[in-house]
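Beneath this line is the structure, given in structure tokens, with notes to follow.
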Amino acid sequence: MNRSFHKSQTLRFYDCSAVEVKSKFGAEFRRFSLDRQKPGKFEDFYNLVLHTHHISNTDVTIGYADVHGDLLPINNDDNFCKAVSSANPLLRVFIQKREEAEHCSFGAGSLSRRRRALALREDGPRRRAHLHIGLPRDFRPVSSIIDVDILPETHRRVRLYRHGCQKPLGFYIRDGTSVRVAPQGLEKVPGIFISRMVPGGLAESTGLLAVDDEVLEVNGIEVAGKTLDQVTDMMIANSHNLIVTVKPANQRNNVVRGGRAPGSSGRSWDSAPGRHSLPAAPAPAPLPPDDADSDDEPDVVLEGVLEPRPAPGGQARVNGAGAAHRLLSSLRADPRQGLALPLPAGAVEEHGPAVTL
Amino acid sequence: MMKFRFRRQGADPQREKLKQELFAFNKTVEHGFPNQPSALAFDPELRIMAIGTRSGAVKIYGAPGVEFTGLHRDTATVTQMHFLPGQGRLLTLLDDSSLHLWEVVHRNGCAHLEEALSLQPPSRPGFDGASGPLSLARVTVVLLLAAGDLAALGTEGSSVFFLDVPTLTLLEGQTLAPDDVLRSVPDDYRCGKALGPVESLQGHLRDPTRILIGYSRGLLVIWNRAARCADRVFLGTQQLESLCWERSGNTLVSSHSDGSYAVWSAGAGSSPTTQPTVATTPYGPFPCKAINKILWRNCASGDHFIIFSGGMPRASYGDRHCVSVLRAETLVTLDFTSRIIDFFTVHSTRPEDEFDEPQALAVLLEEELVVLDLQTPGWPAVPAPYLAPLHSSAITCSAHVANVPAKLWARIVSAGEQQSPQPASSASSWPITGGRNLAQEPSQRGLLLTGHEDGTVRFWDASGVALRPLYKLSTAGLFQTDCEHADSLAQAAEDDWPPFRKVGCFDPYSDDPRLGVQKVALCKYTAQMVVAGTAGQVLVLELSDVPSEQAVSVAGVDLLQDREGFTWKGHERLSPRTGPLPWPAGFQPRVLVQCLPPAAVTAVTLHAEWSLVAFGTSHGFGLFDYQRKSPVLARCTLHPSDSLAMEGPLSRVKSLKKSLRQSFRRIRKSRVSGKKRAANANSKLQEANAQLAEQACPHDVEMTPVQRRIEPRSADDSLSGVVRCLYFADTFLRDAAHHGPTMWAGTNSGSVFAYALEVPAAAAGGEKRAERAVEAVLGKEVQLMHRAPVVAIAVLDGRGRPLPEPYEASRDLAQAPDMQGGHAVLIASEEQFKVFTLPKVSAKTKFKLTAHEGCRVRKVALATFASVACEDYAETCLACLTNLGDVHVFSVPGLRPQVHYSCIRKEDISGIASCVFTRHGQGFYLISPSEFERFSLSARNITEPLCSLDISWPRDTTHTSHRLRESPKLSQANGTPGVVLSPGSCDGSPDPVRSKGDDTPEPPEATLSPMSIDSATSADTTLDTTGDVTVEDVKDFLGSSEESEKNLRNLAEEEAQACAVLIK
């Protein structure tokens, strides 16, 4: 305990890339540090937290206080990365047992509300039995409306998250003509439209895209002047993290500006203004740090090795062996498998799988 | 945020200047035979020939290397062309009845073909207000008179108009109306019938005032222009096709639609002649087809040539394309494989000569040009130095070999000469010799290889403007095909009459589609090559200067590797002939490897230094040691659920069937629901059918226009296992300290397999090679997340340059690669380019082409671009052709876009598919089945026609102001005009460019080096590797025990750095 505190102090002194973490579980505090640039994986962090607090045999949820004082969850790589990178200067982490955590929710003002809620817990009858909603870690984001503040209200920028291959993206596009207001009056210009939704597909399930919506941009690149085939190829090339800007055919459900609670969508106010107007860029429009990882995911070259790792000393002889063609996605499904391997024996010390720089 | 801004602006003026010195886009020359020729002309004075096409292109050819190209603005068929003799000017008639005057003008010392004038006849009938007959609307024939100053135009309305050629204006008042002619015709011949269109106009060589006019109805008139009266009238009654006036003017010959020709005597006498002196039907007595054109040429020996096309017996040989050559008693029926467009003889045209003395006969066919030497007995064909019919069998693949060593070149040339022995006399007898080729002797020899459907590989000299055939390799002799016996039977059954003689090499019929050549690779240092075909055959051949008789060793490689549950439903594999076979000098097969199942080979590569050949099909890939003649490796890449690949090419029809059925249903439905529904007994049935059809097709599918499904590729897409590229490299795969032979394979689904090879020769002395087997160990397997097909793989050395070809470095022909480490592998998929470090595969740089441009990669190549300004400065770049027909150039290894040009129309799918890049920044693509367009991306390395023509005509300065186009090469018959960056360099004349380069102060060397330019601006392109490649996914199973332990330790450290979970 003391040692780690001491070390983190010196580290902060020498290396400003380290982030000091103050972790609270019940009444106990622990302090340790993380690398701001390379925070690592959530799984590691979770195990580290369990290890430092000597928690065993129980599931916990981890939350942190962001700059606005909201209690936000840490339950995947994205928000873990976000938490570490936004820590200023200290990252306050709150740990709760899973069953306790069921009762409170993360979100805006949740920190202060929680105190109140805890205080009010005695008068139970006042609490309405509400619909049980699981924790965010039980879900994956499916879609989001982003950049609401920088887009015209008539437009909508929708991000589709395609995790795994279970669900098809599920929409079709077609050529069409759209009417624009020009100095000479109305003029017809060719445009790309959503022509069909596949029932049960990702696009339909979000409810954010509809038939006859005009597609204006794909991942920050305007589609004006591009053919249907080009736009198709662009969308497929970006399909792992597809961001389409549409002009909805139905303009009645547009997002009203200023009605958002702060912190409810970290993405939109993190993204830079003016981004949508940038011309075709060599890289997709910049995304906030927590998105960066998933944005690059489609292009990640997963280097898979399909054969079992050979014992040291012996070379794998595979010529003509007819190696079973296993899907890489099965490898992906269990990240721990990949993680556990490279750690040298003996690296796990008292304070978790730490490796000194 | 800011870095993106900076990157996009990126207009570094120094770099922009350098780019202009390195890159320029030019379409330089069209190789091969013009597609769909429609007209032919020959200038006997300049000895140049012109070919017009149905797309309105005009091409003039002289001596090899002398070429001019022009394109009419309207895409109309060129129906007639006439040279103004000796003037380098050409009058063309299009099928829209417009006349165009082209001229060869000299600029910058080089000649170009330019359109000078054009005349569009007035659309309303008659310029003189007269009605029908006097209309110029339909010109049928053109005759140039008075050394080309005057032209006579025969029309459909039986009139003859006269035209002043230098100004292209009609001479009014000189028009010869049919009434003028009919006055000298007896009444009983007139009998109220029209004369019909003017079919032929012939001038007299010695008497320019007399014109021979032939009308369709059969009337022939010798018209005296000076006296404006008919000198002689011949009352032919048979429908006229063509006319020829004998040199002396005493004899006429006319050919007719019934397959007969008639000889008329035009000697003394003034009364209308009614009967010809001779009338024969050469292929009678049964009904014959028309004789379309006839020529009469006399010889000093007293006899004469009669050369005519057509006239074959309608029933038995009506489908043949024949030209008959008759001299005295000798008749030869030249039997061509394609339609005859036109023909001419090369003969004396000086008026003072008494005899024609024809030297050669040139026949333009739809698919080739054949020239016969008429002075050598037997009239042998003269091999053409250009205008080669590339498509004599359909081209199935092509490859370019640059910098061919002189020794190999000489051996290939001599093999080609032994193949088609040419008499010494006819070697020099190519009759079309006009103009001078000013282009310098090519600095290096380039070889273009084309693989064909009939199993041949043709070797072309692609060093210069004229694409010259060198050698033809046929692989069909190794296999047993069904068609051989049938062929010999047909030969025997043929009659002696007519005396057919097969001429020409255009033969679009393939004996067996399985023979088709799919991939070709040639090692230019060892003269070994690989030819891979449609039925999974991989042939290793070696060049031998002497004929030999030997057996070819055959091996089979099972690429399915005991994968169960699949049955191949495609074609059978070819059965090779057994036993020793005779092989002529040239490339002789050594080893035949047959893939199982016998699917078409999709990728092949050869490493002569290691004696290894790698090949891939839609099922997997294999590695074969052709020295020991033993397979090394076979790997199945097939996805378990991919049924399409298994069933072979035939079953594609099945999936097509469904869509066909749908479209038929749609057609039927629209027909049925039309208003023409008859109220007959069937109407009820029809209505019911219509309703059924409506129910079958969902309404929205019918209504929506073309739509595209947005769905990422999944692992089990069909044909995902197709092996797209194979590559050998000596690089670092096991660890960063030791390099060694490796083999790389990329598939359609974005998988890359890297094998470490144990080649005994590479390790120990060469004598060990035969004793020990080559071993292959899977080193890395990379799955590109976007699953796009892998188009190309290349390893870059420590300096970012591609590794040289086998033997290149060891023979001091290329700079030795930097083997100090720091190698990287460039993987180009259809969607993006990526450079990964080696041996730890992590992404260094990338460019996502499809995500940004919406286009897909079709062809890529690494090419060296030399600077025009600086003699020894060159950069290696990645040239890429997209599915939109654009060419992009990227820096390597920075992968930063440099320039892009639109090159091919995006609809021209076969053109895009046929594109092949050279190693020095040029490229070829097919603009028609028979023509390669050559283009250049390099500002320095340009191969274009530079020639001059000695023309003599009173040059009027006013003509120069008529220039209609800037450069003839900016408008291609089949391409998109290119954007020329620097007009100075696009001229291609090296001297001004070089002097320009000397004037400009040379930038310091540091700024010129590609690395420093990249490092100056590319900091932001270096991707953060943690986000791109997760280190834990790389597993290395190579290396010895301590090696792997060390690797493990290294990996652990790297892992720690990447993960960076620090607990202190």
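Simple scheme: letters A, B, ... for chains in structure tokens order, numbers from 1 for residues in each chain, numbers from 1 for ligands in the order shown.
Near Asp229 (chain A), within a cut-off of 9 Å and counting only C-alpha atoms, sit the residues Asp233 and Met234 of chain A; Arg708, Gly854 and Cys855 of chain B, with same-chain residues fewer than 4 positions away left out.
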Would you mind exporting N, CA and C atoms of the selected residues as a PDB file, in the first residue's frame?
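Output file part-v1.pdb is given in full below:
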```
ATOM      1  N   ASP A 233     -19.519   0.944 -52.147  1.00  0.00           N
ATOM      2  CA  ASP A 233     -18.192   0.486 -51.744  1.00  0.00           C
ATOM      3  C   ASP A 233     -17.698   1.236 -50.513  1.00  0.00           C
ATOM      4  N   MET A 234     -17.971   2.548 -50.456  1.00  0.00           N
ATOM      5  CA  MET A 234     -17.534   3.322 -49.292  1.00  0.00           C
ATOM      6  C   MET A 234     -18.216   2.822 -48.030  1.00  0.00           C
TER       7      MET A 234
ATOM      8  N   ARG B 708     -28.605  -1.156 -54.145  1.00  0.00           N
ATOM      9  CA  ARG B 708     -27.430  -1.897 -53.709  1.00  0.00           C
ATOM     10  C   ARG B 708     -27.563  -2.234 -52.237  1.00  0.00           C
ATOM     11  N   GLY B 854     -14.298   5.727 -52.653  1.00  0.00           N
ATOM     12  CA  GLY B 854     -15.393   4.919 -53.168  1.00  0.00           C
ATOM     13  C   GLY B 854     -15.001   4.073 -54.355  1.00  0.00           C
ATOM     14  N   CYS B 855     -13.707   3.935 -54.597  1.00  0.00           N
ATOM     15  CA  CYS B 855     -13.297   3.092 -55.712  1.00  0.00           C
ATOM     16  C   CYS B 855     -12.518   1.905 -55.177  1.00  0.00           C
TER      17      CYS B 855
END
```
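Residue nearest Gly40 (chain A) within the list A:Ser195, A:Ser85, A:Ser143, A:Ser178: A:Ser85 [criterion: smallest interatomic distance, only C-alpha atoms].
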* region 600-603 of chain B environment, 12 Å, only C-alpha atoms, sequence neighbours closer than 6 positions dropped, as a PyMOL selection string -> chain B and resi 396-397+513-521+530-539+559+570-574+593-594+613-623+645-646+648-649+719+721-727+744-748+790-792
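Here CA of Leu171 (chain B) is placed at a distance of 16.9 Å from CA of Ala227 (chain B).
Closest approach to Thr58 (chain A) among A:Arg92, A:Lys97, A:Glu222, A:Thr177: A:Lys97, based on only C-alpha atoms.
The interatomic distance for the pair CA of Tyr261 (chain B) and CA of Val325 (chain B) works out to 13.6 Å.
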* Asked: Quick one: residues within 8 Å of Thr154 (chain A), only C-alpha atoms counted, chain neighbours fewer than 6 positions away excluded, as a list in words?
  -> Lys247, Pro248, Gln251 and Asn254 of chain A
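Within 8 Å of Gly416 (chain B), once only C-alpha atoms are used and residues closer than 5 positions along the same chain are dropped, the contacting residues are Leu470, Tyr471, Lys472 and Gly586 of chain B.
Counting only C-alpha atoms, the residue from B:Pro712, B:Gly800, B:Pro431, B:Gly556 that sits nearest to chain A is B:Pro712.
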* To do: Would you please extract all alpha helix (DSSP H) residues from region 42-79 of chain A, as assigned by DSSP on the backbone, and give them as JSON, numbers by chain?
  => {"A": [42, 43, 44, 45, 46, 47, 48, 49, 50, 51, 52, 77, 78, 79]}
Any chance you could export the current selection's C-alpha atoms as a tab-separated table (two decimals), in the first residue's frame?
```tsv
chain	number	residue	atom	x	y	z
A	42	PHE	CA	-10.46	-3.09	-19.20
A	43	GLU	CA	-10.06	-6.72	-18.26
A	44	ASP	CA	-6.62	-6.02	-16.85
A	45	PHE	CA	-7.90	-3.06	-14.96
A	46	TYR	CA	-10.77	-5.03	-13.50
A	47	ASN	CA	-8.47	-7.79	-12.32
A	48	LEU	CA	-6.10	-5.22	-10.93
A	49	VAL	CA	-8.87	-3.56	-8.97
A	50	LEU	CA	-10.07	-6.88	-7.56
A	51	HIS	CA	-6.53	-7.70	-6.67
A	52	THR	CA	-5.70	-4.44	-4.94
A	77	ASP	CA	-12.15	-0.75	-23.08
A	78	ASP	CA	-13.68	2.36	-24.53
A	79	ASN	CA	-14.90	3.99	-21.41
```
Can you tell me which residues surround region 628-633 of chain B at a distance of at most 8 Å, considering only C-alpha atoms, apart from same-chain residues fewer than 3 positions away, and format the answer as a compact mmCIF listing (two decimals) with all heavy atoms, in the first residue's frame?
```txt
# COMPACT_ATOMS: atom_id res chain seq x y z
N ASN A 319 3.17 -28.14 -43.21
CA ASN A 319 2.97 -28.33 -44.65
C ASN A 319 2.15 -29.58 -44.91
O ASN A 319 2.47 -30.65 -44.46
CB ASN A 319 4.32 -28.38 -45.36
CG ASN A 319 5.27 -29.34 -44.70
OD1 ASN A 319 5.12 -29.61 -43.51
ND2 ASN A 319 6.23 -29.84 -45.45
N GLY A 320 1.10 -29.34 -45.61
CA GLY A 320 0.26 -30.47 -45.97
C GLY A 320 -0.53 -31.05 -44.83
O GLY A 320 -1.14 -32.09 -44.97
N SER B 553 7.90 -34.68 -67.09
CA SER B 553 7.46 -35.33 -65.86
C SER B 553 6.19 -34.64 -65.35
O SER B 553 6.08 -33.42 -65.36
CB SER B 553 8.55 -35.30 -64.81
OG SER B 553 8.87 -33.98 -64.50
N ALA B 555 3.23 -34.26 -62.36
CA ALA B 555 2.93 -34.43 -60.94
C ALA B 555 1.57 -33.83 -60.66
O ALA B 555 1.16 -32.87 -61.30
CB ALA B 555 3.99 -33.76 -60.08
N VAL B 557 -1.01 -32.25 -57.64
CA VAL B 557 -1.02 -31.71 -56.28
C VAL B 557 -2.48 -31.55 -55.87
O VAL B 557 -3.24 -30.85 -56.52
CB VAL B 557 -0.28 -30.36 -56.21
CG1 VAL B 557 -0.47 -29.73 -54.85
CG2 VAL B 557 1.19 -30.54 -56.51
N VAL B 591 8.46 -29.70 -66.57
CA VAL B 591 7.63 -30.30 -65.53
C VAL B 591 6.20 -29.82 -65.73
O VAL B 591 5.98 -28.65 -66.05
CB VAL B 591 8.12 -29.89 -64.12
CG1 VAL B 591 7.25 -30.49 -63.05
CG2 VAL B 591 9.56 -30.30 -63.91
N GLY B 622 -0.26 -24.18 -53.77
CA GLY B 622 0.75 -25.21 -53.63
C GLY B 622 2.12 -24.66 -53.95
O GLY B 622 2.26 -23.62 -54.60
N LEU B 623 3.13 -25.37 -53.49
CA LEU B 623 4.51 -25.00 -53.75
C LEU B 623 5.20 -26.24 -54.27
O LEU B 623 5.04 -27.33 -53.71
CB LEU B 623 5.16 -24.52 -52.44
CG LEU B 623 6.61 -24.05 -52.49
CD1 LEU B 623 6.70 -22.81 -53.36
CD2 LEU B 623 7.10 -23.72 -51.10
N PHE B 624 5.93 -26.08 -55.36
CA PHE B 624 6.52 -27.23 -56.03
C PHE B 624 7.99 -26.97 -56.29
O PHE B 624 8.37 -25.89 -56.75
CB PHE B 624 5.78 -27.49 -57.35
CG PHE B 624 6.09 -28.82 -57.97
CD1 PHE B 624 5.36 -29.95 -57.59
CD2 PHE B 624 7.09 -28.96 -58.90
CE1 PHE B 624 5.64 -31.18 -58.15
CE2 PHE B 624 7.37 -30.19 -59.46
CZ PHE B 624 6.65 -31.31 -59.08
N ASP B 625 8.80 -27.94 -55.96
CA ASP B 625 10.23 -27.87 -56.21
C ASP B 625 10.48 -28.53 -57.55
O ASP B 625 10.42 -29.75 -57.67
CB ASP B 625 10.96 -28.60 -55.08
CG ASP B 625 12.45 -28.67 -55.31
OD1 ASP B 625 12.90 -28.22 -56.37
OD2 ASP B 625 13.15 -29.16 -54.41
N ALA B 770 19.97 -30.95 -54.56
CA ALA B 770 19.22 -32.08 -55.08
C ALA B 770 18.97 -33.14 -54.02
O ALA B 770 18.08 -33.96 -54.16
CB ALA B 770 19.97 -32.69 -56.26
N ALA B 773 15.25 -32.01 -49.29
CA ALA B 773 13.97 -31.46 -49.71
C ALA B 773 13.81 -30.04 -49.16
O ALA B 773 14.36 -29.70 -48.11
CB ALA B 773 12.83 -32.33 -49.20
N VAL B 774 13.05 -29.26 -49.92
CA VAL B 774 12.70 -27.92 -49.45
C VAL B 774 11.60 -28.07 -48.41
O VAL B 774 10.69 -28.90 -48.56
CB VAL B 774 12.22 -27.06 -50.64
CG1 VAL B 774 11.76 -25.71 -50.18
CG2 VAL B 774 13.32 -26.93 -51.67
N GLU B 775 11.70 -27.30 -47.35
CA GLU B 775 10.67 -27.38 -46.33
C GLU B 775 9.98 -26.02 -46.21
O GLU B 775 10.60 -24.98 -46.35
CB GLU B 775 11.28 -27.75 -44.98
CG GLU B 775 11.75 -29.19 -44.95
CD GLU B 775 12.58 -29.48 -43.71
OE1 GLU B 775 12.62 -28.63 -42.81
OE2 GLU B 775 13.19 -30.57 -43.69
N ALA B 776 8.70 -26.08 -45.92
CA ALA B 776 7.94 -24.84 -45.73
C ALA B 776 7.24 -24.91 -44.37
O ALA B 776 6.65 -25.93 -44.03
CB ALA B 776 6.91 -24.68 -46.83
```
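Distance-wise, CA of Leu778 (chain B) and CA of Leu826 (chain B) end up 18.8 Å apart.
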